[in-house]
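K.L.:
Below is my_file-v2.cif; it holds mmCIF, C-alpha atoms.
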```cif
data_start
loop_
_atom_site.group_PDB
_atom_site.id
_atom_site.type_symbol
_atom_site.label_atom_id
_atom_site.label_comp_id
_atom_site.auth_asym_id
_atom_site.auth_seq_id
_atom_site.Cartn_x
_atom_site.Cartn_y
_atom_site.Cartn_z
ATOM 1 C CA MET A 19 -4.027 25.584 -22.527
ATOM 2 C CA ALA A 20 -6.749 24.234 -20.248
ATOM 3 C CA GLN A 21 -5.762 22.346 -17.130
ATOM 4 C CA LYS A 22 -6.938 18.727 -17.228
ATOM 5 C CA THR A 23 -6.520 17.878 -13.541
ATOM 6 C CA ILE A 24 -7.040 19.607 -10.217
ATOM 7 C CA VAL A 25 -5.073 19.054 -7.017
ATOM 8 C CA HIS A 26 -5.960 19.343 -3.321
ATOM 9 C CA LYS A 27 -3.825 18.070 -0.419
ATOM 10 C CA GLY A 28 -1.798 15.861 -2.762
ATOM 11 C CA TYR A 29 -4.861 14.276 -4.402
ATOM 12 C CA HIS A 30 -5.329 14.652 -8.145
ATOM 13 C CA GLY A 31 -8.685 14.681 -9.853
ATOM 14 C CA SER A 32 -9.693 14.488 -13.485
ATOM 15 C CA ILE A 33 -11.784 17.095 -15.287
ATOM 16 C CA GLU A 34 -14.211 15.878 -17.952
ATOM 17 C CA ILE A 35 -17.129 17.483 -19.805
ATOM 18 C CA ASP A 36 -20.545 15.857 -20.074
ATOM 19 C CA ILE A 37 -21.622 17.009 -23.541
ATOM 20 C CA ARG A 38 -25.269 16.180 -22.855
ATOM 21 C CA ASP A 39 -25.648 19.124 -20.478
ATOM 22 C CA TYR A 40 -22.142 20.690 -20.552
ATOM 23 C CA SER A 41 -21.596 19.990 -16.877
ATOM 24 C CA LEU A 42 -18.194 19.007 -15.535
ATOM 25 C CA TYR A 43 -17.315 15.801 -13.713
ATOM 26 C CA GLY A 44 -14.284 13.822 -12.642
ATOM 27 C CA LYS A 45 -12.860 11.209 -10.341
ATOM 28 C CA LEU A 46 -10.045 11.019 -7.832
ATOM 29 C CA LEU A 47 -6.929 9.604 -9.438
ATOM 30 C CA PHE A 48 -4.219 7.289 -8.090
ATOM 31 C CA ILE A 49 -6.326 5.697 -5.328
ATOM 32 C CA ASP A 50 -7.937 2.243 -5.179
ATOM 33 C CA GLU A 51 -11.457 3.488 -4.469
ATOM 34 C CA GLU A 52 -13.586 5.031 -7.241
ATOM 35 C CA ILE A 53 -14.738 8.443 -6.014
ATOM 36 C CA THR A 54 -16.485 10.839 -8.380
ATOM 37 C CA TYR A 55 -17.641 14.455 -8.226
ATOM 38 C CA ARG A 56 -19.397 16.905 -10.542
ATOM 39 C CA GLY A 57 -20.432 20.514 -10.947
ATOM 40 C CA ASN A 58 -22.199 22.878 -13.319
ATOM 41 C CA GLY A 59 -19.126 25.098 -13.625
ATOM 42 C CA PHE A 60 -15.491 25.008 -12.584
ATOM 43 C CA ALA A 61 -16.049 26.624 -9.180
ATOM 44 C CA GLU A 62 -18.754 24.072 -8.346
ATOM 45 C CA LEU A 63 -16.601 21.206 -9.677
ATOM 46 C CA GLU A 64 -13.640 22.319 -7.577
ATOM 47 C CA ALA A 65 -15.780 22.583 -4.430
ATOM 48 C CA SER A 66 -17.218 19.111 -5.086
ATOM 49 C CA PHE A 67 -13.686 17.746 -5.674
ATOM 50 C CA ARG A 68 -12.395 19.258 -2.426
ATOM 51 C CA GLN A 69 -15.360 17.793 -0.535
ATOM 52 C CA ALA A 70 -14.683 14.374 -2.084
ATOM 53 C CA VAL A 71 -11.043 14.575 -0.969
ATOM 54 C CA GLU A 72 -11.970 15.610 2.575
ATOM 55 C CA SER A 73 -14.621 12.868 2.836
ATOM 56 C CA HIS A 74 -12.153 10.260 1.602
ATOM 57 C CA ARG A 75 -9.492 11.436 4.065
ATOM 58 C CA GLN A 76 -11.993 11.306 6.938
ATOM 59 C CA ARG A 77 -13.130 7.774 5.983
ATOM 60 C CA CYS A 78 -9.486 6.654 6.030
ATOM 61 C CA ILE A 79 -8.979 8.168 9.486
ATOM 62 C CA ASP A 80 -12.264 6.702 10.777
ATOM 63 C CA ASN A 81 -11.098 3.253 9.576
ATOM 64 C CA GLY A 82 -7.756 3.619 11.384
ATOM 65 C CA GLN A 83 -5.759 4.110 8.179
ATOM 66 C CA ALA A 84 -3.474 6.956 7.232
ATOM 67 C CA PRO A 85 -4.793 8.835 4.178
ATOM 68 C CA PRO A 86 -2.753 7.960 1.053
ATOM 69 C CA PHE A 87 -1.568 11.556 0.706
ATOM 70 C CA ASN A 88 -0.998 12.990 4.160
ATOM 71 C CA ILE A 89 -0.451 16.666 3.370
#
```
As structure tokens - that is how I would like this structure written.
P.N.:
Amino acid sequence: MAQKTIVHKGYHGSIEIDIRDYSLYGKLLFIDEEITYRGNGFAELEASFRQAVESHRQRCIDNGQAPPFNI
């Protein structure tokens, strides 16, 4: 069975397929901000997801807030 979410440092992300070009995309789940990522294959999607997580964590820190998932 295919995995429908990916996880990095406590953050969960969705995995969806764009049937127009068969690329993959998703968004970070369980946070207030809408943050999306995409890739042409799973490896690229996962790298984009990890970068989205790290960017979100850094924005939280830069704004003086603790990241929601501090792992």
K.L.:
For the structure provided, state which residues fall under the PyMOL selection byres ((chain A and resi 32) around 7), and present them as a VMD selection string.
P.N.:
chain A and resid 22 to 24 30 to 31 33 to 34 44 to 47
K.L.:
Considering only C-alpha atoms, can you say which of A:Phe87, A:Glu52, A:Tyr43, A:Gly82 comes closest to Ser66 of chain A?
P.N.:
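Among A:Phe87, A:Glu52, A:Tyr43, A:Gly82, it is A:Tyr43 that comes nearest to Ser66 of chain A.
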K.L.:
Return as a CSV table (one decimal) with C-alpha atoms, keeping the file's coordinate frame the set of residues that the PyMOL selection byres ((chain A and resi 41) around 12) yields on the displayed structure.
P.N.:
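Saved to result_5.csv:
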```csv
chain,number,residue,atom,x,y,z
A,33,ILE,CA,-11.8,17.1,-15.3
A,34,GLU,CA,-14.2,15.9,-18.0
A,35,ILE,CA,-17.1,17.5,-19.8
A,36,ASP,CA,-20.5,15.9,-20.1
A,37,ILE,CA,-21.6,17.0,-23.5
A,38,ARG,CA,-25.3,16.2,-22.9
A,39,ASP,CA,-25.6,19.1,-20.5
A,40,TYR,CA,-22.1,20.7,-20.6
A,42,LEU,CA,-18.2,19.0,-15.5
A,43,TYR,CA,-17.3,15.8,-13.7
A,44,GLY,CA,-14.3,13.8,-12.6
A,55,TYR,CA,-17.6,14.5,-8.2
A,56,ARG,CA,-19.4,16.9,-10.5
A,57,GLY,CA,-20.4,20.5,-10.9
A,58,ASN,CA,-22.2,22.9,-13.3
A,59,GLY,CA,-19.1,25.1,-13.6
A,60,PHE,CA,-15.5,25.0,-12.6
A,61,ALA,CA,-16.0,26.6,-9.2
A,62,GLU,CA,-18.8,24.1,-8.3
A,63,LEU,CA,-16.6,21.2,-9.7
```
K.L.:
Between atom CA of Pro85 of chain A and atom CA of Glu64 of chain A, what is the distance in Å, rounded to a tenth?
P.N.:
20.0 Å
K.L.:
Between atom CA of Ile79 of chain A and atom CA of Ile53 of chain A, measure the distance and give it in Å to one decimal.
P.N.:
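Atom-to-atom, atom CA of Ile79 of chain A and atom CA of Ile53 of chain A are spaced 16.5 Å apart.
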K.L.:
Measure the distance from atom CA of Phe67 of chain A to atom CA of Asp80 of chain A in Å and round it to one decimal.
P.N.:
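These atoms are spaced 19.9 Å apart.
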K.L.:
Kindly complete segment 41-59 of chain A to N, CA and C atoms; the output should be written as a PDB file, in the frame of the given file.
P.N.:
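Dumped to rebuild_32.pdb:
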```pdb
ATOM      1  N   SER A  41     -22.076  19.937 -18.253  1.00  0.00           N
ATOM      2  CA  SER A  41     -21.596  19.990 -16.877  1.00  0.00           C
ATOM      3  C   SER A  41     -20.196  19.380 -16.833  1.00  0.00           C
ATOM      4  N   LEU A  42     -19.531  19.550 -15.719  1.00  0.00           N
ATOM      5  CA  LEU A  42     -18.194  19.007 -15.535  1.00  0.00           C
ATOM      6  C   LEU A  42     -18.253  17.882 -14.517  1.00  0.00           C
ATOM      7  N   TYR A  43     -17.390  16.899 -14.668  1.00  0.00           N
ATOM      8  CA  TYR A  43     -17.315  15.801 -13.713  1.00  0.00           C
ATOM      9  C   TYR A  43     -15.894  15.263 -13.691  1.00  0.00           C
ATOM     10  N   GLY A  44     -15.607  14.429 -12.721  1.00  0.00           N
ATOM     11  CA  GLY A  44     -14.284  13.822 -12.642  1.00  0.00           C
ATOM     12  C   GLY A  44     -14.247  12.765 -11.567  1.00  0.00           C
ATOM     13  N   LYS A  45     -13.054  12.195 -11.393  1.00  0.00           N
ATOM     14  CA  LYS A  45     -12.860  11.209 -10.341  1.00  0.00           C
ATOM     15  C   LYS A  45     -11.479  11.397  -9.740  1.00  0.00           C
ATOM     16  N   LEU A  46     -11.341  10.967  -8.482  1.00  0.00           N
ATOM     17  CA  LEU A  46     -10.045  11.019  -7.832  1.00  0.00           C
ATOM     18  C   LEU A  46      -9.124  10.013  -8.511  1.00  0.00           C
ATOM     19  N   LEU A  47      -7.905  10.435  -8.755  1.00  0.00           N
ATOM     20  CA  LEU A  47      -6.929   9.604  -9.438  1.00  0.00           C
ATOM     21  C   LEU A  47      -5.921   9.019  -8.456  1.00  0.00           C
ATOM     22  N   PHE A  48      -5.329   7.907  -8.826  1.00  0.00           N
ATOM     23  CA  PHE A  48      -4.219   7.289  -8.090  1.00  0.00           C
ATOM     24  C   PHE A  48      -4.606   6.743  -6.716  1.00  0.00           C
ATOM     25  N   ILE A  49      -5.891   6.380  -6.546  1.00  0.00           N
ATOM     26  CA  ILE A  49      -6.326   5.697  -5.328  1.00  0.00           C
ATOM     27  C   ILE A  49      -7.115   4.459  -5.757  1.00  0.00           C
ATOM     28  N   ASP A  50      -7.259   3.499  -4.849  1.00  0.00           N
ATOM     29  CA  ASP A  50      -7.937   2.243  -5.179  1.00  0.00           C
ATOM     30  C   ASP A  50      -9.455   2.385  -5.269  1.00  0.00           C
ATOM     31  N   GLU A  51     -10.012   3.291  -4.520  1.00  0.00           N
ATOM     32  CA  GLU A  51     -11.457   3.488  -4.469  1.00  0.00           C
ATOM     33  C   GLU A  51     -11.905   4.399  -5.613  1.00  0.00           C
ATOM     34  N   GLU A  52     -13.078   4.145  -6.199  1.00  0.00           N
ATOM     35  CA  GLU A  52     -13.586   5.031  -7.241  1.00  0.00           C
ATOM     36  C   GLU A  52     -14.481   6.088  -6.593  1.00  0.00           C
ATOM     37  N   ILE A  53     -14.019   7.320  -6.612  1.00  0.00           N
ATOM     38  CA  ILE A  53     -14.738   8.443  -6.014  1.00  0.00           C
ATOM     39  C   ILE A  53     -14.922   9.498  -7.095  1.00  0.00           C
ATOM     40  N   THR A  54     -16.181   9.876  -7.333  1.00  0.00           N
ATOM     41  CA  THR A  54     -16.485  10.839  -8.380  1.00  0.00           C
ATOM     42  C   THR A  54     -17.061  12.118  -7.796  1.00  0.00           C
ATOM     43  N   TYR A  55     -17.098  13.155  -8.612  1.00  0.00           N
ATOM     44  CA  TYR A  55     -17.641  14.455  -8.226  1.00  0.00           C
ATOM     45  C   TYR A  55     -18.099  15.147  -9.503  1.00  0.00           C
ATOM     46  N   ARG A  56     -18.940  16.172  -9.360  1.00  0.00           N
ATOM     47  CA  ARG A  56     -19.397  16.905 -10.542  1.00  0.00           C
ATOM     48  C   ARG A  56     -19.825  18.305 -10.165  1.00  0.00           C
ATOM     49  N   GLY A  57     -19.978  19.146 -11.164  1.00  0.00           N
ATOM     50  CA  GLY A  57     -20.432  20.514 -10.947  1.00  0.00           C
ATOM     51  C   GLY A  57     -20.905  21.139 -12.244  1.00  0.00           C
ATOM     52  N   ASN A  58     -21.678  22.194 -12.138  1.00  0.00           N
ATOM     53  CA  ASN A  58     -22.199  22.878 -13.319  1.00  0.00           C
ATOM     54  C   ASN A  58     -21.230  23.905 -13.884  1.00  0.00           C
ATOM     55  N   GLY A  59     -20.182  24.201 -13.177  1.00  0.00           N
ATOM     56  CA  GLY A  59     -19.126  25.098 -13.625  1.00  0.00           C
ATOM     57  C   GLY A  59     -17.865  24.734 -12.871  1.00  0.00           C
TER      58      GLY A  59
END
```
